[in-house]
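*Asks:* Contents of coords.tsv (TSV, C-alpha atoms) are below:
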```
chain	number	residue	atom	x	y	z
A	1	MET	CA	-17.40	-12.12	-10.79
A	2	ARG	CA	-15.98	-12.06	-7.26
A	3	PHE	CA	-12.85	-9.95	-6.85
A	4	SER	CA	-10.64	-12.08	-4.62
A	5	TYR	CA	-8.03	-10.25	-2.58
A	6	THR	CA	-6.19	-13.49	-1.94
A	7	ALA	CA	-5.98	-14.39	-5.64
A	8	VAL	CA	-4.83	-10.91	-6.65
A	9	TRP	CA	-2.18	-10.77	-3.92
A	10	GLU	CA	-0.90	-14.24	-4.83
A	11	ASP	CA	-0.63	-13.11	-8.45
A	12	THR	CA	1.22	-9.99	-7.31
A	13	VAL	CA	3.76	-12.16	-5.50
A	14	ARG	CA	4.14	-14.42	-8.57
A	15	LEU	CA	4.81	-11.41	-10.77
A	16	ILE	CA	7.41	-10.05	-8.34
A	17	ARG	CA	9.19	-13.41	-8.30
A	18	ALA	CA	9.11	-13.67	-12.09
A	19	HIS	CA	10.17	-10.10	-12.93
A	20	GLY	CA	11.60	-8.73	-9.68
A	21	SER	CA	15.27	-8.76	-10.65
A	22	LEU	CA	14.78	-6.78	-13.85
A	23	ALA	CA	12.27	-4.51	-12.15
A	24	ALA	CA	14.82	-3.77	-9.44
A	25	ALA	CA	17.33	-2.63	-12.05
A	26	LEU	CA	14.77	-0.28	-13.58
A	27	ALA	CA	13.57	0.93	-10.19
A	28	GLY	CA	17.10	1.78	-9.13
A	29	VAL	CA	17.39	4.30	-11.98
A	30	PHE	CA	13.83	5.56	-12.35
A	31	LEU	CA	12.46	5.37	-8.79
A	32	LEU	CA	15.28	5.24	-6.25
A	33	LEU	CA	17.74	7.70	-7.83
A	34	PRO	CA	15.24	10.60	-8.26
A	35	GLY	CA	14.15	10.17	-4.65
A	36	LEU	CA	17.75	10.23	-3.42
A	37	LEU	CA	18.63	13.30	-5.46
A	38	PHE	CA	15.51	15.17	-4.42
A	39	GLY	CA	15.98	14.26	-0.75
A	40	HIS	CA	19.66	15.24	-0.76
A	41	PHE	CA	19.58	18.47	-2.73
A	42	LEU	CA	16.02	19.66	-2.03
A	43	PRO	CA	15.05	18.34	1.42
A	44	VAL	CA	11.68	19.39	2.78
A	45	PRO	CA	12.31	22.18	5.31
A	46	THR	CA	11.35	21.82	8.96
A	47	THR	CA	10.55	24.34	11.66
A	48	SER	CA	10.07	24.35	15.40
A	49	GLU	CA	6.90	26.43	14.99
A	50	PRO	CA	3.98	24.16	13.94
A	51	ALA	CA	1.94	27.14	12.72
A	52	ASP	CA	4.66	28.02	10.20
A	53	LEU	CA	5.16	24.50	8.87
A	54	VAL	CA	2.43	24.44	6.21
A	55	PRO	CA	3.35	27.80	4.60
A	56	ILE	CA	7.05	26.88	4.57
A	57	VAL	CA	6.44	23.47	2.99
A	58	MET	CA	4.01	24.92	0.41
A	59	GLU	CA	6.56	27.56	-0.56
A	60	HIS	CA	9.23	24.85	-0.85
A	61	TYR	CA	7.06	22.83	-3.23
A	62	ARG	CA	6.11	25.94	-5.23
A	63	ALA	CA	9.73	26.98	-5.65
A	64	ASN	CA	10.77	23.48	-6.73
A	65	ALA	CA	7.70	22.54	-8.77
A	66	HIS	CA	9.75	22.10	-11.96
A	67	TRP	CA	12.07	19.59	-10.28
A	68	MET	CA	9.11	17.75	-8.80
A	69	LEU	CA	7.53	17.57	-12.25
A	70	LEU	CA	10.74	16.18	-13.73
A	71	SER	CA	11.01	13.62	-10.92
A	72	GLY	CA	7.38	12.62	-11.49
A	73	ILE	CA	7.93	12.13	-15.22
A	74	VAL	CA	10.99	9.95	-14.59
A	75	THR	CA	8.98	7.89	-12.10
A	76	MET	CA	6.17	7.48	-14.65
A	77	ALA	CA	8.67	6.20	-17.22
A	78	GLY	CA	9.97	3.67	-14.71
A	79	THR	CA	6.45	2.54	-13.84
A	80	LEU	CA	5.62	1.95	-17.50
A	81	ALA	CA	8.91	0.12	-18.11
A	82	ILE	CA	8.28	-2.27	-15.22
A	83	LEU	CA	4.73	-2.94	-16.44
A	84	LEU	CA	6.11	-3.63	-19.91
A	85	LEU	CA	8.27	-6.39	-18.44
A	86	VAL	CA	5.06	-8.01	-17.17
A	87	PHE	CA	2.84	-7.59	-20.19
A	88	ARG	CA	5.49	-7.99	-22.89
A	89	PRO	CA	7.90	-10.52	-21.38
A	90	SER	CA	9.90	-10.83	-24.59
A	91	LEU	CA	11.30	-7.33	-24.05
A	92	ALA	CA	14.72	-6.83	-22.50
A	93	VAL	CA	15.36	-3.94	-20.12
A	94	GLY	CA	16.52	-1.64	-22.93
A	95	GLY	CA	13.48	-2.48	-25.01
A	96	ALA	CA	11.18	-1.86	-22.07
A	97	ILE	CA	12.72	1.57	-21.52
A	98	ALA	CA	12.36	2.49	-25.20
A	99	ALA	CA	8.76	1.27	-25.29
A	100	SER	CA	7.93	3.17	-22.11
A	101	LEU	CA	9.12	6.43	-23.65
A	102	ALA	CA	6.72	5.88	-26.56
A	103	ILE	CA	3.80	5.58	-24.12
A	104	LEU	CA	4.98	8.21	-21.62
A	105	PRO	CA	3.46	11.39	-23.20
A	106	PHE	CA	0.03	9.75	-23.41
A	107	TYR	CA	0.23	8.35	-19.90
A	108	PHE	CA	1.29	11.77	-18.62
A	109	ILE	CA	-1.86	13.32	-20.10
A	110	ALA	CA	-4.06	10.50	-18.80
A	111	ASN	CA	-2.47	10.80	-15.34
A	112	LEU	CA	-2.99	14.57	-15.37
A	113	LEU	CA	-6.68	14.18	-16.27
A	114	THR	CA	-7.28	11.54	-13.60
A	115	SER	CA	-5.40	13.61	-11.01
A	116	ILE	CA	-7.68	16.57	-11.70
A	117	ALA	CA	-10.72	14.31	-11.37
A	118	LEU	CA	-9.40	12.90	-8.08
A	119	VAL	CA	-8.75	16.36	-6.64
A	120	ILE	CA	-12.30	17.39	-7.51
A	121	GLY	CA	-13.63	14.14	-6.06
A	122	PHE	CA	-11.73	14.53	-2.78
A	123	ALA	CA	-12.97	18.12	-2.54
A	124	PHE	CA	-16.52	16.77	-2.37
A	125	LEU	CA	-16.40	15.14	1.09
A	126	ILE	CA	-13.58	12.68	0.18
A	127	VAL	CA	-15.86	9.71	-0.66
A	128	PRO	CA	-16.22	10.52	-4.39
A	129	GLY	CA	-12.44	10.81	-4.63
A	130	LEU	CA	-11.95	7.42	-3.00
A	131	TYR	CA	-14.45	5.85	-5.40
A	132	LEU	CA	-12.71	7.40	-8.41
A	133	LEU	CA	-9.39	6.11	-7.13
A	134	GLY	CA	-10.76	2.58	-6.99
A	135	ARG	CA	-12.09	2.84	-10.51
A	136	LEU	CA	-8.85	4.24	-11.96
A	137	VAL	CA	-6.11	2.24	-10.18
A	138	PRO	CA	-5.38	-0.12	-13.15
A	139	LEU	CA	-4.97	2.74	-15.67
A	140	PRO	CA	-1.19	2.38	-16.29
A	141	ALA	CA	-1.47	-1.41	-16.55
A	142	LEU	CA	-4.30	-1.14	-19.07
A	143	MET	CA	-2.42	1.39	-21.21
A	144	VAL	CA	0.58	-0.94	-21.38
A	145	ALA	CA	-1.27	-4.25	-21.76
A	146	GLU	CA	-3.68	-3.02	-24.41
A	147	ASN	CA	-1.36	-0.47	-26.03
A	148	ARG	CA	-3.94	2.27	-25.60
A	149	LYS	CA	-2.27	5.60	-26.30
A	150	ASN	CA	-5.41	7.74	-26.47
A	151	PRO	CA	-5.73	9.07	-22.90
A	152	ILE	CA	-9.53	9.43	-23.04
A	153	ASP	CA	-9.89	5.96	-24.55
A	154	ALA	CA	-7.61	4.53	-21.85
A	155	ILE	CA	-9.63	6.16	-19.06
A	156	ARG	CA	-12.86	4.85	-20.58
A	157	GLY	CA	-11.33	1.39	-20.85
A	158	THR	CA	-10.25	1.46	-17.21
A	159	TRP	CA	-13.71	2.64	-16.17
A	160	ALA	CA	-15.29	-0.25	-18.07
A	161	LEU	CA	-12.79	-2.75	-16.69
A	162	THR	CA	-13.45	-1.84	-13.06
A	163	LYS	CA	-17.24	-1.56	-13.34
A	164	GLY	CA	-18.80	-3.39	-10.42
A	165	HIS	CA	-15.48	-3.61	-8.55
A	166	GLY	CA	-14.53	-0.03	-7.69
A	167	TRP	CA	-14.87	-0.33	-3.91
A	168	ALA	CA	-13.23	-3.76	-3.87
A	169	VAL	CA	-10.23	-2.49	-5.85
A	170	LEU	CA	-9.97	0.53	-3.57
A	171	GLY	CA	-10.08	-1.69	-0.49
A	172	LEU	CA	-7.25	-3.89	-1.72
A	173	PHE	CA	-5.15	-0.92	-2.80
A	174	LEU	CA	-5.56	0.83	0.56
A	175	LEU	CA	-4.96	-2.39	2.48
A	176	VAL	CA	-1.64	-3.02	0.72
A	177	PHE	CA	-0.60	0.63	0.80
A	178	ILE	CA	-1.40	1.18	4.49
A	179	ALA	CA	0.23	-2.10	5.54
A	180	GLY	CA	3.28	-1.32	3.42
A	181	PHE	CA	3.50	2.23	4.76
A	182	ILE	CA	3.39	1.02	8.37
A	183	LEU	CA	6.00	-1.69	7.75
A	184	THR	CA	8.40	0.65	5.93
A	185	ALA	CA	7.92	3.39	8.54
A	186	VAL	CA	8.68	1.01	11.42
A	187	ALA	CA	11.65	-0.59	9.64
A	188	GLY	CA	12.99	2.79	8.57
A	189	GLY	CA	12.65	4.20	12.07
A	190	ILE	CA	14.53	1.29	13.64
A	191	ILE	CA	17.33	1.33	11.06
A	192	ASN	CA	17.70	5.11	11.21
A	193	THR	CA	17.93	5.03	15.01
A	194	ILE	CA	20.68	2.41	14.85
A	195	LEU	CA	22.57	4.42	12.22
A	196	ARG	CA	22.43	7.62	14.28
A	197	LEU	CA	23.71	5.81	17.36
A	198	ALA	CA	26.50	3.96	15.56
A	199	LEU	CA	27.80	6.44	12.97
A	200	PRO	CA	28.92	10.05	12.70
A	201	ASP	CA	26.11	12.51	12.01
A	202	HIS	CA	26.95	13.28	8.38
A	203	LEU	CA	27.23	9.61	7.43
A	204	ALA	CA	24.14	8.66	9.44
A	205	ILE	CA	22.08	11.36	7.70
A	206	PHE	CA	23.10	10.18	4.24
A	207	LEU	CA	22.50	6.51	5.01
A	208	SER	CA	19.16	7.35	6.64
A	209	LEU	CA	18.12	9.11	3.44
A	210	PHE	CA	19.22	6.11	1.40
A	211	VAL	CA	17.30	3.67	3.61
A	212	SER	CA	14.15	5.80	3.49
A	213	SER	CA	14.36	6.13	-0.30
A	214	LEU	CA	15.04	2.40	-0.69
A	215	LEU	CA	12.05	1.40	1.44
A	216	SER	CA	9.85	3.86	-0.45
A	217	THR	CA	11.06	2.39	-3.74
A	218	ILE	CA	10.26	-1.15	-2.59
A	219	LEU	CA	6.72	-0.04	-1.74
A	220	GLN	CA	6.40	1.58	-5.17
A	221	ILE	CA	7.54	-1.63	-6.88
A	222	VAL	CA	4.94	-3.64	-4.98
A	223	ALA	CA	2.26	-1.12	-5.97
A	224	ILE	CA	3.24	-1.37	-9.66
A	225	PHE	CA	2.99	-5.16	-9.65
A	226	LEU	CA	-0.32	-4.82	-7.79
A	227	TYR	CA	-1.64	-2.64	-10.65
A	228	ALA	CA	-0.71	-5.44	-13.06
A	229	ALA	CA	-2.30	-8.15	-10.90
A	230	ILE	CA	-5.54	-6.16	-10.54
A	231	TYR	CA	-5.69	-5.68	-14.30
A	232	ARG	CA	-5.03	-9.38	-14.87
A	233	ALA	CA	-7.77	-10.40	-12.43
A	234	LEU	CA	-10.37	-8.08	-13.94
A	235	SER	CA	-9.42	-9.04	-17.50
A	236	VAL	CA	-10.04	-12.78	-17.07
A	237	ARG	CA	-13.80	-12.61	-17.44
A	238	ALA	CA	-13.75	-9.62	-19.80
A	239	GLN	CA	-11.65	-11.55	-22.33
A	240	GLY	CA	-13.38	-14.87	-21.71
A	241	VAL	CA	-10.31	-16.93	-20.81
A	242	GLY	CA	-9.52	-19.27	-17.96
A	243	SER	CA	-6.73	-17.47	-16.13
A	244	ALA	CA	-4.70	-14.27	-16.00
A	245	ASP	CA	-1.77	-16.03	-17.67
A	246	ASP	CA	-4.01	-16.93	-20.61
A	247	VAL	CA	-4.91	-13.26	-21.00
A	248	LEU	CA	-1.43	-11.84	-20.88
A	249	VAL	CA	0.92	-14.51	-22.19
A	250	LYS	CA	-0.93	-16.79	-24.55
A	251	ARG	CA	-3.24	-14.22	-26.09
A	252	GLY	CA	-1.16	-11.10	-25.63
A	253	PRO	CA	-2.55	-7.57	-25.25
A	254	ALA	CA	-6.24	-7.28	-26.01
A	255	ARG	CA	-8.73	-4.46	-25.81
A	256	ILE	CA	-11.46	-4.46	-23.20
A	257	THR	CA	-14.55	-3.15	-24.88
A	258	GLY	CA	-17.27	-4.44	-22.60
A	259	THR	CA	-17.82	-4.29	-18.86
A	260	SER	CA	-16.27	-6.50	-16.25
A	261	GLY	CA	-19.16	-6.91	-13.87
A	262	GLU	CA	-22.85	-6.49	-13.37
A	263	GLY	CA	-24.67	-4.16	-11.03
A	264	GLY	CA	-23.01	-2.41	-8.12
A	265	ASP	CA	-19.49	-2.69	-6.86
A	266	SER	CA	-18.71	-6.06	-5.35
A	267	ALA	CA	-16.95	-6.65	-2.08
A	268	ALA	CA	-13.86	-8.72	-1.60
```
Could you spell out this file's structure in structure tokens?
*Replies:*
Amino acid sequence: MRFSYTAVWEDTVRLIRAHGSLAAALAGVFLLLPGLLFGHFLPVPTTSEPADLVPIVMEHYRANAHWMLLSGIVTMAGTLAILLLVFRPSLAVGGAIAASLAILPFYFIANLLTSIALVIGFAFLIVPGLYLLGRLVPLPALMVAENRKNPIDAIRGTWALTKGHGWAVLGLFLLVFIAGFILTAVAGGIINTILRLALPDHLAIFLSLFVSSLLSTILQIVAIFLYAAIYRALSVRAQGVGSADDVLVKRGPARITGTSGEGGDSAA
């Protein structure tokens, strides 16, 4: 099966149009607000001495690790809630939040295990880490769509789902992430420059933080819908149906027990 970047991106856009308004409400609480609070109360320190920057930043993260963990958990809950809107469209926002909390502990463990694997992979000349990233990108979407709460089972399911498509998935993920990062960085830089020229310093600083957090949140939302679209694309053949909508709306969540491709990883 050919993994089409165009088809996956078009599906991502369709999902954003269908669920974007509700996702924005969830993202405002679970993605934007933690970023604003962290940026306002615990800003990353800066220094005029480049040699001192890394130790200062590392100490900042060490001292605030508990707040970073809490922010990460809140973000995970928001990610799951948005995915639930996609895979269980009958849920309202409140139901999606409640359902996400039921999955959250298991996703936290799965995310911790995959993060450890990725760190080890990147330690070995980066390439193994990139490959693992490509194979594990759809993990949160699979856990939601198939209601897999066993972290090991969910990781195995994701590994089976992405077999033959690891590099292709990685390429799409990096393409969207890099393009989104460049666009948000350029837009943020222009807006922040205008704010600093037009407003008093204290107001400009606050609004600059808000703009940066908002742009980061938008990129996160796109990434979450991309996870869903990648899962939908890879599930079509695995479940033997005609389209992603058949997999996720007509048939509902289903377990992927086989593999999704033959041989080596396919290109886009």
*Asks:* Just the residues within 9 Å of stretch 221-233 of chain A, please, counting all atoms listed in the file, with nothing from its chain fewer than 2 positions along; format it as a PyMOL selection string.
*Replies:* chain A and resi 3-4+7-13+15-16+20+23-24+27+31+79-80+82-83+86-87+137-142+145+158+161-162+169+173+176-177+180+216-219+235-237+243-245+247-248
*Asks:* A:Leu195, A:Leu26, A:Ile73, A:Leu33: which is nearest A:Gly94, counting all atoms listed in the file?
*Replies:*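 Result for the nearest residue to A:Gly94: A:Leu26.
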*Asks:* Looking at only C-alpha atoms, which of A:Leu215, A:Ala81, A:Leu118, A:Leu112 is the one that sits closest to A:Gly35?
*Replies:*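 Once distances to A:Gly35 are computed over only C-alpha atoms, the minimum belongs to A:Leu215.
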*Asks:* When distances are computed from all atoms listed in the file, which of A:His40, A:Thr6, A:Asn150, A:Ser100 shows the smallest separation from A:Ile205?
*Replies:*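 Under the stated criterion, the closest residue is A:His40.
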*Asks:* Please determine, counting all atoms listed in the file, which residue among A:Leu130, A:Ala198, A:Leu203, A:Met143 has the shortest atom-to-atom distance to A:Gly166.
*Replies:*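 Of A:Leu130, A:Ala198, A:Leu203, A:Met143, the one nearest A:Gly166, counting all atoms listed in the file, is A:Leu130.
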*Asks:* Any idea what the distance is between atom CA of A:Pro55 and atom CA of A:Pro43?
*Replies:* 15.4 Å
*Asks:* Counting all atoms listed in the file, what is within 10 Å of A:Pro105, bar same-chain residues fewer than 5 positions away, as a ChimeraX atom specification?
*Replies:* /A:73,76-77,100,110-111,149,151
*Asks:* Those residues you just picked out, can you put them in a file as a PDB file, in the frame of the given file with C-alpha atoms?
*Replies:*
```pdb
ATOM      1  CA  ILE A  73       7.930  12.130 -15.220  1.00  0.00           C
ATOM      2  CA  MET A  76       6.170   7.480 -14.650  1.00  0.00           C
ATOM      3  CA  ALA A  77       8.670   6.200 -17.220  1.00  0.00           C
ATOM      4  CA  SER A 100       7.930   3.170 -22.110  1.00  0.00           C
ATOM      5  CA  ALA A 110      -4.060  10.500 -18.800  1.00  0.00           C
ATOM      6  CA  ASN A 111      -2.470  10.800 -15.340  1.00  0.00           C
ATOM      7  CA  LYS A 149      -2.270   5.600 -26.300  1.00  0.00           C
ATOM      8  CA  PRO A 151      -5.730   9.070 -22.900  1.00  0.00           C
TER       9      PRO A 151
END
```
*Asks:* Name the residues in contact with A:Leu207 at a cut-off of 12 Å, using only C-alpha atoms, excluding same-chain residues fewer than 2 positions from it; report them as a PyMOL selection string.
*Replies:* chain A and resi 36+39-40+188+191-196+198-205+209-214
*Asks:* Quick one: of A:Ile56, A:Leu84, A:Leu32, A:Leu113, who's nearest to A:Ala99, counting all atoms listed in the file?
*Replies:* A:Leu84
*Asks:* Taking into account all atoms listed in the file, which residue in the set A:Arg156, A:Arg62, A:Arg148, A:Arg135 is nearest to A:Leu234?
*Replies:* A:Arg135
